[in-house]
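Undergrad: Below: one structure in structure tokens.
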Amino acid sequence: MTTEARHAHLWGQRARDWAEVQEAMVRPVYLAVLGTLDLAPGQRLLDMGCGSGMFASLASAVGLTVAGIDAAPPLLDIARKRVPGGDFRKGDLETLPHAEASFDLVTGFNAFQFAASPARALVEAARVVRPGGAVVVVTWGEPQNMPAASVITALRPLLPPPPPNAPGPFALSDKAALTGFAEAAGLQPESVFDVDSPFTYPDLPTALRGLNSSGVAAAAMERAGEEAVSAAHATALAPFKQADGSYHVPAHFRCLIARRA
């Protein structure tokens, strides 16, 4: 099974749950990125690993012309409904079906570190952005300073051993690693900033619906079953339960803005 097919299989299983619950946990990051960049209506955006299109929808609302690429057709179907005028395509991040210098802005929200070749995916991002255009790489914040890390890693015991040299979810969280990643692709780092974006759920069933919708959860279910995945998530969530039965898990994301020379 190719990388694209594997991601399509895993991330396509609970696309509606992802779109309706979990994707919203990143909304503050989407808004922060849009608010930080000096964007003009009509500029062209490519969102790599666009998922169900929440960022594309927000970008379209401020006048950008949006495109997206993802491996999972069920997620792309939702993105197309959210942004009927968007150009959403199925494909691999390492081989973008776009011409050089096609976009003013290229973004990847928790996408690059999960590519089969993160370095190649970023080189492709640098290729399709215009000279002077921005490439935004968003990843998890440093795990030692983020309570949500215990929830993000809760399924590790249920997953098969990762391949040798697999990057993992926090591979780009270190600032030096993140800027070095950009420089190796020929980009010029401009700024790095963190955005608080907590996971908030009204109750445990909603939390499990959201957390169990990821591709990582799908992989764990294939190996250990849904009951084991839900139990692992419930245990990880327990310290974050509030008096009213809701859950608040502090999380933050690290954002890099780089430019093509």
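Numbering starts fresh at 1 for the residues of each chain in the structure tokens, the chains themselves are lettered A, B, ... in the order given, and ligands are numbered from 1 as they appear.
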Just asking: which residues within stretch 63-120 of chain A are helix (DSSP H, G or I) according to DSSP, as a PyMOL selection string?
TA: chain A and resi 73-82+112-114+118-120
Undergrad: As an mmCIF file with N, CA, C and O atoms, in the first residue's frame, please: every residue in stretch 10-247 of chain A that DSSP puts in strand (DSSP E or B).
TA:
```
data_model
loop_
_atom_site.group_PDB
_atom_site.id
_atom_site.type_symbol
_atom_site.label_atom_id
_atom_site.label_comp_id
_atom_site.auth_asym_id
_atom_site.auth_seq_id
_atom_site.Cartn_x
_atom_site.Cartn_y
_atom_site.Cartn_z
ATOM 1 N N ARG A 44 -3.576 33.636 -4.011
ATOM 2 C CA ARG A 44 -3.801 32.205 -4.199
ATOM 3 C C ARG A 44 -3.177 31.404 -3.056
ATOM 4 O O ARG A 44 -1.993 31.576 -2.743
ATOM 5 N N LEU A 45 -3.974 30.518 -2.477
ATOM 6 C CA LEU A 45 -3.548 29.670 -1.364
ATOM 7 C C LEU A 45 -3.584 28.208 -1.770
ATOM 8 O O LEU A 45 -4.553 27.759 -2.384
ATOM 9 N N LEU A 46 -2.546 27.459 -1.371
ATOM 10 C CA LEU A 46 -2.573 26.002 -1.409
ATOM 11 C C LEU A 46 -2.404 25.498 0.017
ATOM 12 O O LEU A 46 -1.402 25.800 0.666
ATOM 13 N N ASP A 47 -3.377 24.736 0.499
ATOM 14 C CA ASP A 47 -3.283 24.119 1.821
ATOM 15 C C ASP A 47 -2.940 22.644 1.639
ATOM 16 O O ASP A 47 -3.734 21.864 1.108
ATOM 17 N N MET A 48 -1.750 22.262 2.074
ATOM 18 C CA MET A 48 -1.252 20.899 1.929
ATOM 19 C C MET A 48 -1.721 20.073 3.126
ATOM 20 O O MET A 48 -1.516 20.450 4.267
ATOM 21 N N THR A 65 -8.204 32.933 -3.045
ATOM 22 C CA THR A 65 -8.556 31.869 -3.970
ATOM 23 C C THR A 65 -7.877 30.603 -3.473
ATOM 24 O O THR A 65 -6.647 30.566 -3.364
ATOM 25 N N VAL A 66 -8.647 29.575 -3.140
ATOM 26 C CA VAL A 66 -8.082 28.463 -2.391
ATOM 27 C C VAL A 66 -8.008 27.175 -3.190
ATOM 28 O O VAL A 66 -8.850 26.886 -4.053
ATOM 29 N N ALA A 67 -6.955 26.418 -2.881
ATOM 30 C CA ALA A 67 -6.764 25.068 -3.390
ATOM 31 C C ALA A 67 -6.282 24.208 -2.231
ATOM 32 O O ALA A 67 -5.725 24.710 -1.253
ATOM 33 N N GLY A 68 -6.506 22.916 -2.336
ATOM 34 C CA GLY A 68 -6.065 22.016 -1.288
ATOM 35 C C GLY A 68 -5.725 20.664 -1.855
ATOM 36 O O GLY A 68 -6.220 20.267 -2.918
ATOM 37 N N ILE A 69 -4.866 19.946 -1.134
ATOM 38 C CA ILE A 69 -4.518 18.583 -1.523
ATOM 39 C C ILE A 69 -4.524 17.718 -0.277
ATOM 40 O O ILE A 69 -4.082 18.139 0.800
ATOM 41 N N ASP A 70 -5.068 16.506 -0.409
ATOM 42 C CA ASP A 70 -5.136 15.580 0.706
ATOM 43 C C ASP A 70 -5.243 14.175 0.134
ATOM 44 O O ASP A 70 -5.598 13.987 -1.035
ATOM 45 N N ASP A 87 -10.316 24.458 -5.366
ATOM 46 C CA ASP A 87 -9.719 23.428 -6.218
ATOM 47 C C ASP A 87 -9.081 22.388 -5.290
ATOM 48 O O ASP A 87 -7.945 22.544 -4.848
ATOM 49 N N PHE A 88 -9.816 21.337 -4.991
ATOM 50 C CA PHE A 88 -9.353 20.321 -4.047
ATOM 51 C C PHE A 88 -9.034 19.034 -4.795
ATOM 52 O O PHE A 88 -9.877 18.512 -5.536
ATOM 53 N N ARG A 89 -7.813 18.537 -4.574
ATOM 54 C CA ARG A 89 -7.355 17.370 -5.311
ATOM 55 C C ARG A 89 -6.797 16.304 -4.368
ATOM 56 O O ARG A 89 -6.239 16.620 -3.315
ATOM 57 N N LYS A 90 -6.926 15.048 -4.795
ATOM 58 C CA LYS A 90 -6.349 13.929 -4.071
ATOM 59 C C LYS A 90 -4.916 13.733 -4.540
ATOM 60 O O LYS A 90 -4.648 13.746 -5.753
ATOM 61 N N PHE A 103 1.317 29.808 -6.451
ATOM 62 C CA PHE A 103 0.588 30.292 -5.285
ATOM 63 C C PHE A 103 1.340 31.420 -4.576
ATOM 64 O O PHE A 103 2.565 31.486 -4.605
ATOM 65 N N ASP A 104 0.554 32.273 -3.932
ATOM 66 C CA ASP A 104 1.128 33.334 -3.096
ATOM 67 C C ASP A 104 1.416 32.831 -1.683
ATOM 68 O O ASP A 104 2.257 33.396 -0.975
ATOM 69 N N LEU A 105 0.700 31.796 -1.275
ATOM 70 C CA LEU A 105 0.806 31.262 0.082
ATOM 71 C C LEU A 105 0.589 29.754 0.040
ATOM 72 O O LEU A 105 -0.349 29.279 -0.603
ATOM 73 N N VAL A 106 1.463 29.020 0.727
ATOM 74 C CA VAL A 106 1.310 27.572 0.880
ATOM 75 C C VAL A 106 1.351 27.267 2.369
ATOM 76 O O VAL A 106 2.229 27.752 3.092
ATOM 77 N N THR A 107 0.392 26.488 2.851
ATOM 78 C CA THR A 107 0.316 26.154 4.271
ATOM 79 C C THR A 107 0.287 24.642 4.471
ATOM 80 O O THR A 107 -0.171 23.892 3.612
ATOM 81 N N GLY A 108 0.769 24.231 5.637
ATOM 82 C CA GLY A 108 0.680 22.834 6.046
ATOM 83 C C GLY A 108 0.466 22.780 7.545
ATOM 84 O O GLY A 108 1.387 23.094 8.312
ATOM 85 N N PHE A 109 -0.735 22.432 7.980
ATOM 86 C CA PHE A 109 -1.071 22.380 9.402
ATOM 87 C C PHE A 109 -0.949 20.937 9.887
ATOM 88 O O PHE A 109 -1.756 20.084 9.532
ATOM 89 N N VAL A 129 5.268 27.857 -4.563
ATOM 90 C CA VAL A 129 4.999 29.217 -4.100
ATOM 91 C C VAL A 129 5.809 30.196 -4.952
ATOM 92 O O VAL A 129 6.905 29.866 -5.423
ATOM 93 N N ARG A 130 5.270 31.362 -5.174
ATOM 94 C CA ARG A 130 5.965 32.357 -6.002
ATOM 95 C C ARG A 130 7.145 32.962 -5.240
ATOM 96 O O ARG A 130 7.174 32.946 -3.998
ATOM 97 N N PRO A 131 8.141 33.497 -5.925
ATOM 98 C CA PRO A 131 9.216 34.214 -5.232
ATOM 99 C C PRO A 131 8.641 35.323 -4.343
ATOM 100 O O PRO A 131 7.784 36.101 -4.771
ATOM 101 N N GLY A 132 9.095 35.369 -3.113
ATOM 102 C CA GLY A 132 8.560 36.318 -2.144
ATOM 103 C C GLY A 132 7.334 35.836 -1.420
ATOM 104 O O GLY A 132 6.891 36.450 -0.437
ATOM 105 N N GLY A 133 6.736 34.735 -1.895
ATOM 106 C CA GLY A 133 5.551 34.186 -1.250
ATOM 107 C C GLY A 133 5.896 33.455 0.032
ATOM 108 O O GLY A 133 7.055 33.115 0.292
ATOM 109 N N ALA A 134 4.884 33.194 0.829
ATOM 110 C CA ALA A 134 5.079 32.600 2.148
ATOM 111 C C ALA A 134 4.727 31.124 2.150
ATOM 112 O O ALA A 134 3.761 30.694 1.513
ATOM 113 N N VAL A 135 5.519 30.358 2.894
ATOM 114 C CA VAL A 135 5.203 28.972 3.228
ATOM 115 C C VAL A 135 5.055 28.907 4.739
ATOM 116 O O VAL A 135 5.945 29.343 5.478
ATOM 117 N N VAL A 136 3.931 28.396 5.195
ATOM 118 C CA VAL A 136 3.648 28.307 6.625
ATOM 119 C C VAL A 136 3.657 26.839 7.041
ATOM 120 O O VAL A 136 2.909 26.028 6.481
ATOM 121 N N VAL A 137 4.513 26.516 7.998
ATOM 122 C CA VAL A 137 4.585 25.160 8.551
ATOM 123 C C VAL A 137 4.093 25.224 9.990
ATOM 124 O O VAL A 137 4.653 25.948 10.812
ATOM 125 N N VAL A 138 3.037 24.490 10.288
ATOM 126 C CA VAL A 138 2.470 24.470 11.634
ATOM 127 C C VAL A 138 2.613 23.063 12.203
ATOM 128 O O VAL A 138 2.259 22.079 11.533
ATOM 129 N N THR A 139 3.128 22.973 13.414
ATOM 130 C CA THR A 139 3.343 21.689 14.059
ATOM 131 C C THR A 139 2.947 21.791 15.525
ATOM 132 O O THR A 139 2.557 22.862 16.004
ATOM 133 N N TRP A 140 3.006 20.689 16.243
ATOM 134 C CA TRP A 140 2.717 20.720 17.676
ATOM 135 C C TRP A 140 3.751 21.559 18.416
ATOM 136 O O TRP A 140 4.908 21.643 18.006
ATOM 137 N N LEU A 187 14.199 27.728 1.768
ATOM 138 C CA LEU A 187 13.342 28.820 2.219
ATOM 139 C C LEU A 187 14.063 29.669 3.254
ATOM 140 O O LEU A 187 14.991 29.209 3.932
ATOM 141 N N GLN A 188 13.625 30.904 3.407
ATOM 142 C CA GLN A 188 14.203 31.828 4.379
ATOM 143 C C GLN A 188 13.234 32.011 5.542
ATOM 144 O O GLN A 188 12.172 32.630 5.378
ATOM 145 N N PRO A 189 13.568 31.463 6.720
ATOM 146 C CA PRO A 189 12.678 31.629 7.873
ATOM 147 C C PRO A 189 12.493 33.101 8.220
ATOM 148 O O PRO A 189 13.447 33.872 8.242
ATOM 149 N N GLU A 190 11.256 33.475 8.454
ATOM 150 C CA GLU A 190 10.932 34.863 8.780
ATOM 151 C C GLU A 190 10.527 35.022 10.243
ATOM 152 O O GLU A 190 10.962 35.955 10.914
ATOM 153 N N SER A 191 9.702 34.124 10.759
ATOM 154 C CA SER A 191 9.274 34.216 12.146
ATOM 155 C C SER A 191 8.777 32.866 12.634
ATOM 156 O O SER A 191 8.324 32.032 11.834
ATOM 157 N N VAL A 192 8.864 32.666 13.942
ATOM 158 C CA VAL A 192 8.312 31.486 14.598
ATOM 159 C C VAL A 192 7.506 31.970 15.792
ATOM 160 O O VAL A 192 7.996 32.782 16.580
ATOM 161 N N PHE A 193 6.274 31.506 15.912
ATOM 162 C CA PHE A 193 5.446 31.927 17.038
ATOM 163 C C PHE A 193 4.539 30.783 17.456
ATOM 164 O O PHE A 193 4.240 29.876 16.671
ATOM 165 N N ASP A 194 4.109 30.813 18.713
ATOM 166 C CA ASP A 194 3.237 29.780 19.254
ATOM 167 C C ASP A 194 1.818 30.324 19.417
ATOM 168 O O ASP A 194 1.620 31.509 19.698
ATOM 169 N N VAL A 195 0.837 29.452 19.263
ATOM 170 C CA VAL A 195 -0.568 29.824 19.409
ATOM 171 C C VAL A 195 -1.240 28.827 20.351
ATOM 172 O O VAL A 195 -1.181 27.615 20.120
ATOM 173 N N ASP A 196 -1.852 29.340 21.406
ATOM 174 C CA ASP A 196 -2.636 28.482 22.295
ATOM 175 C C ASP A 196 -3.908 28.043 21.574
ATOM 176 O O ASP A 196 -4.637 28.858 21.012
ATOM 177 N N PHE A 199 -7.774 21.827 23.452
ATOM 178 C CA PHE A 199 -8.827 20.891 23.096
ATOM 179 C C PHE A 199 -9.947 21.062 24.126
ATOM 180 O O PHE A 199 -9.730 20.868 25.323
ATOM 181 N N THR A 200 -11.126 21.407 23.679
ATOM 182 C CA THR A 200 -12.258 21.578 24.598
ATOM 183 C C THR A 200 -13.436 20.748 24.102
ATOM 184 O O THR A 200 -13.792 20.800 22.921
ATOM 185 N N TYR A 201 -14.013 19.986 25.007
ATOM 186 C CA TYR A 201 -15.136 19.116 24.674
ATOM 187 C C TYR A 201 -16.203 19.253 25.743
ATOM 188 O O TYR A 201 -15.882 19.324 26.936
ATOM 189 N N LYS A 241 -10.659 16.700 33.189
ATOM 190 C CA LYS A 241 -12.104 16.810 33.365
ATOM 191 C C LYS A 241 -12.434 17.962 34.304
ATOM 192 O O LYS A 241 -11.815 18.134 35.357
ATOM 193 N N TYR A 247 -14.307 18.910 29.271
ATOM 194 C CA TYR A 247 -12.860 18.658 29.268
ATOM 195 C C TYR A 247 -12.151 19.856 28.653
ATOM 196 O O TYR A 247 -12.586 20.405 27.641
#
```
Undergrad: Got a sec: who's within 8 Å of A:Phe114, counting only C-alpha atoms, leaving out chain neighbours fewer than 5 positions off, as a list of chain:residue names?
TA: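 Those residues are A:Pro167, A:Gly168, A:Pro169.
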Undergrad: Taking into account only C-alpha atoms, which residue in the set A:Ser213, A:Gln144, A:Gln22, A:Thr179 is nearest to A:Cys255?
TA: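 The answer is A:Thr179, which sits nearest to A:Cys255.
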Undergrad: Which of these, A:Gly53, A:Gly141, A:Pro41, A:Pro198, has the shortest distance to A:Ala79 once you count only C-alpha atoms?
TA: A:Gly53
Undergrad: Looking at only C-alpha atoms, which of A:Gly215, A:Pro74, A:Pro97, A:Pro157 is the one that sits closest to A:Glu124?
TA: A:Pro97
Undergrad: So which residues touch A:Leu34 within 9 Å, counting only C-alpha atoms, skipping near sequence neighbours fewer than 5 positions away, as a ChimeraX atom specification?
TA: /A:29,39,58-59,62
Undergrad: Could you write those residues out with N, CA, C and O atoms, as a CSV table (one decimal), in the first residue's frame?
TA:
```csv
chain,number,residue,atom,x,y,z
A,29,VAL,N,-5.5,28.5,15.6
A,29,VAL,CA,-4.3,28.6,14.9
A,29,VAL,C,-4.6,29.1,13.5
A,29,VAL,O,-3.8,29.9,12.9
A,39,LEU,N,-2.3,39.7,3.8
A,39,LEU,CA,-2.9,39.0,2.6
A,39,LEU,C,-3.9,40.0,1.9
A,39,LEU,O,-4.5,40.9,2.5
A,58,LEU,N,-12.0,29.4,5.9
A,58,LEU,CA,-11.7,30.7,6.5
A,58,LEU,C,-10.9,31.6,5.6
A,58,LEU,O,-11.2,32.8,5.6
A,59,ALA,N,-10.0,31.0,4.8
A,59,ALA,CA,-9.2,31.8,3.9
A,59,ALA,C,-10.1,32.3,2.8
A,59,ALA,O,-10.0,33.5,2.3
A,62,VAL,N,-12.0,35.5,3.6
A,62,VAL,CA,-11.3,36.8,3.6
A,62,VAL,C,-10.8,37.1,2.2
A,62,VAL,O,-10.0,38.0,2.0
```
Undergrad: Excluding A:Ser150 and residues on its chain fewer than 4 positions from it, collect all residues at most 10 Å away from it, counting only C-alpha atoms, and give them as JSON, numbers by chain.
TA: {"A": [143, 144, 146, 154, 155, 233, 235, 236, 237, 249]}
Undergrad: Okay, now the selection with N, CA, C and O atoms, as a short mmCIF file (atom, residue, chain, number, x, y, z; two decimals), in the first residue's frame?
TA:
```cif
data_model
loop_
_atom_site.label_atom_id
_atom_site.label_comp_id
_atom_site.auth_asym_id
_atom_site.auth_seq_id
_atom_site.Cartn_x
_atom_site.Cartn_y
_atom_site.Cartn_z
N PRO A 143 6.58 19.17 23.41
CA PRO A 143 5.76 18.30 24.27
C PRO A 143 6.00 18.49 25.76
O PRO A 143 5.08 18.33 26.56
N GLN A 144 7.23 18.84 26.14
CA GLN A 144 7.52 18.99 27.57
C GLN A 144 6.81 20.18 28.20
O GLN A 144 6.67 20.26 29.42
N MET A 146 3.63 21.13 27.09
CA MET A 146 2.26 21.10 26.60
C MET A 146 1.50 19.93 27.23
O MET A 146 1.76 18.76 26.92
N ALA A 154 -1.25 9.07 23.69
CA ALA A 154 -1.94 8.03 24.48
C ALA A 154 -2.04 6.70 23.74
O ALA A 154 -2.13 5.64 24.38
N LEU A 155 -2.01 6.72 22.42
CA LEU A 155 -2.21 5.49 21.65
C LEU A 155 -0.92 4.77 21.29
O LEU A 155 -0.96 3.71 20.65
N HIS A 233 -7.87 6.76 25.36
CA HIS A 233 -8.17 8.19 25.30
C HIS A 233 -8.88 8.66 26.57
O HIS A 233 -8.59 9.75 27.10
N THR A 235 -8.63 7.48 29.58
CA THR A 235 -7.65 7.54 30.67
C THR A 235 -6.78 8.79 30.54
O THR A 235 -6.51 9.48 31.53
N ALA A 236 -6.35 9.10 29.33
CA ALA A 236 -5.51 10.29 29.11
C ALA A 236 -6.28 11.57 29.38
O ALA A 236 -5.71 12.58 29.84
N LEU A 237 -7.58 11.57 29.11
CA LEU A 237 -8.41 12.76 29.31
C LEU A 237 -8.77 13.00 30.77
O LEU A 237 -9.08 14.14 31.16
N VAL A 249 -8.19 20.66 27.65
CA VAL A 249 -6.82 20.14 27.54
C VAL A 249 -5.94 21.24 26.94
O VAL A 249 -6.04 21.54 25.74
#
```
Undergrad: So, with only C-alpha atoms as the atoms that count, which of A:Asp244, A:Glu142, A:Asp77, A:Asp92 lies closest to A:Gly49?
TA: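 Checking each of A:Asp244, A:Glu142, A:Asp77, A:Asp92 against A:Gly49, counting only C-alpha atoms, the winner is A:Asp92.
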Undergrad: With distances taken over only C-alpha atoms, which residue among A:Ala232, A:Ser246, A:Ala261, A:Gly225 lies nearest A:Gly186?
TA: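 Result for the nearest residue to A:Gly186: A:Ala261.
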Undergrad: Counting only C-alpha atoms, which of A:Thr36, A:Ser197, A:His7, A:Ala234 gets nearest to A:Asn212?
TA: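 For A:Asn212, the nearest of the given residues is A:Ala234.
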Undergrad: Do a neighbour search on A:Met221 at 12 Å with only C-alpha atoms, toss out local chain neighbours closer than 2 positions, and write the hits as a tab-separated table (two decimals) with C-alpha atoms, in the first residue's frame.
TA:
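As written to disk, selection-v7.tsv reads:
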```tsv
chain	number	residue	atom	x	y	z
A	10	LEU	CA	-6.96	5.70	7.71
A	13	GLN	CA	-12.87	6.33	7.97
A	155	LEU	CA	-2.21	5.49	21.65
A	156	ARG	CA	1.49	4.66	21.32
A	157	PRO	CA	1.17	1.32	23.17
A	158	LEU	CA	-1.58	0.27	20.75
A	159	LEU	CA	0.29	1.10	17.56
A	160	PRO	CA	2.82	-1.05	15.71
A	212	ASN	CA	-11.10	8.63	17.66
A	213	SER	CA	-11.53	10.27	14.25
A	214	SER	CA	-7.82	10.71	13.48
A	215	GLY	CA	-5.82	8.49	11.19
A	216	VAL	CA	-3.61	7.54	14.13
A	217	ALA	CA	-6.68	6.33	16.02
A	218	ALA	CA	-7.81	4.36	12.97
A	219	ALA	CA	-4.42	2.62	12.80
A	223	ARG	CA	-4.46	-3.40	15.71
A	224	ALA	CA	-6.21	-3.23	19.10
A	225	GLY	CA	-9.89	-2.48	18.49
A	226	GLU	CA	-12.11	0.53	19.14
A	227	GLU	CA	-12.75	-0.33	22.78
A	228	ALA	CA	-9.03	-0.24	23.61
A	229	VAL	CA	-8.57	3.07	21.75
A	230	SER	CA	-11.50	4.68	23.56
A	231	ALA	CA	-10.23	3.41	26.91
A	232	ALA	CA	-6.74	4.82	26.27
```
Undergrad: Distance atom CA of A:Ala177-atom CA of A:Gln113, one decimal place?
TA: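 Computed distance, atom CA of A:Ala177 to atom CA of A:Gln113, equals 11.6 Å.
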Undergrad: Between atom CA of A:Ile78 and atom CA of A:Glu20, what distance in Å does the model show, to one decimal?
TA: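 Those two atoms sit 10.3 Å apart.
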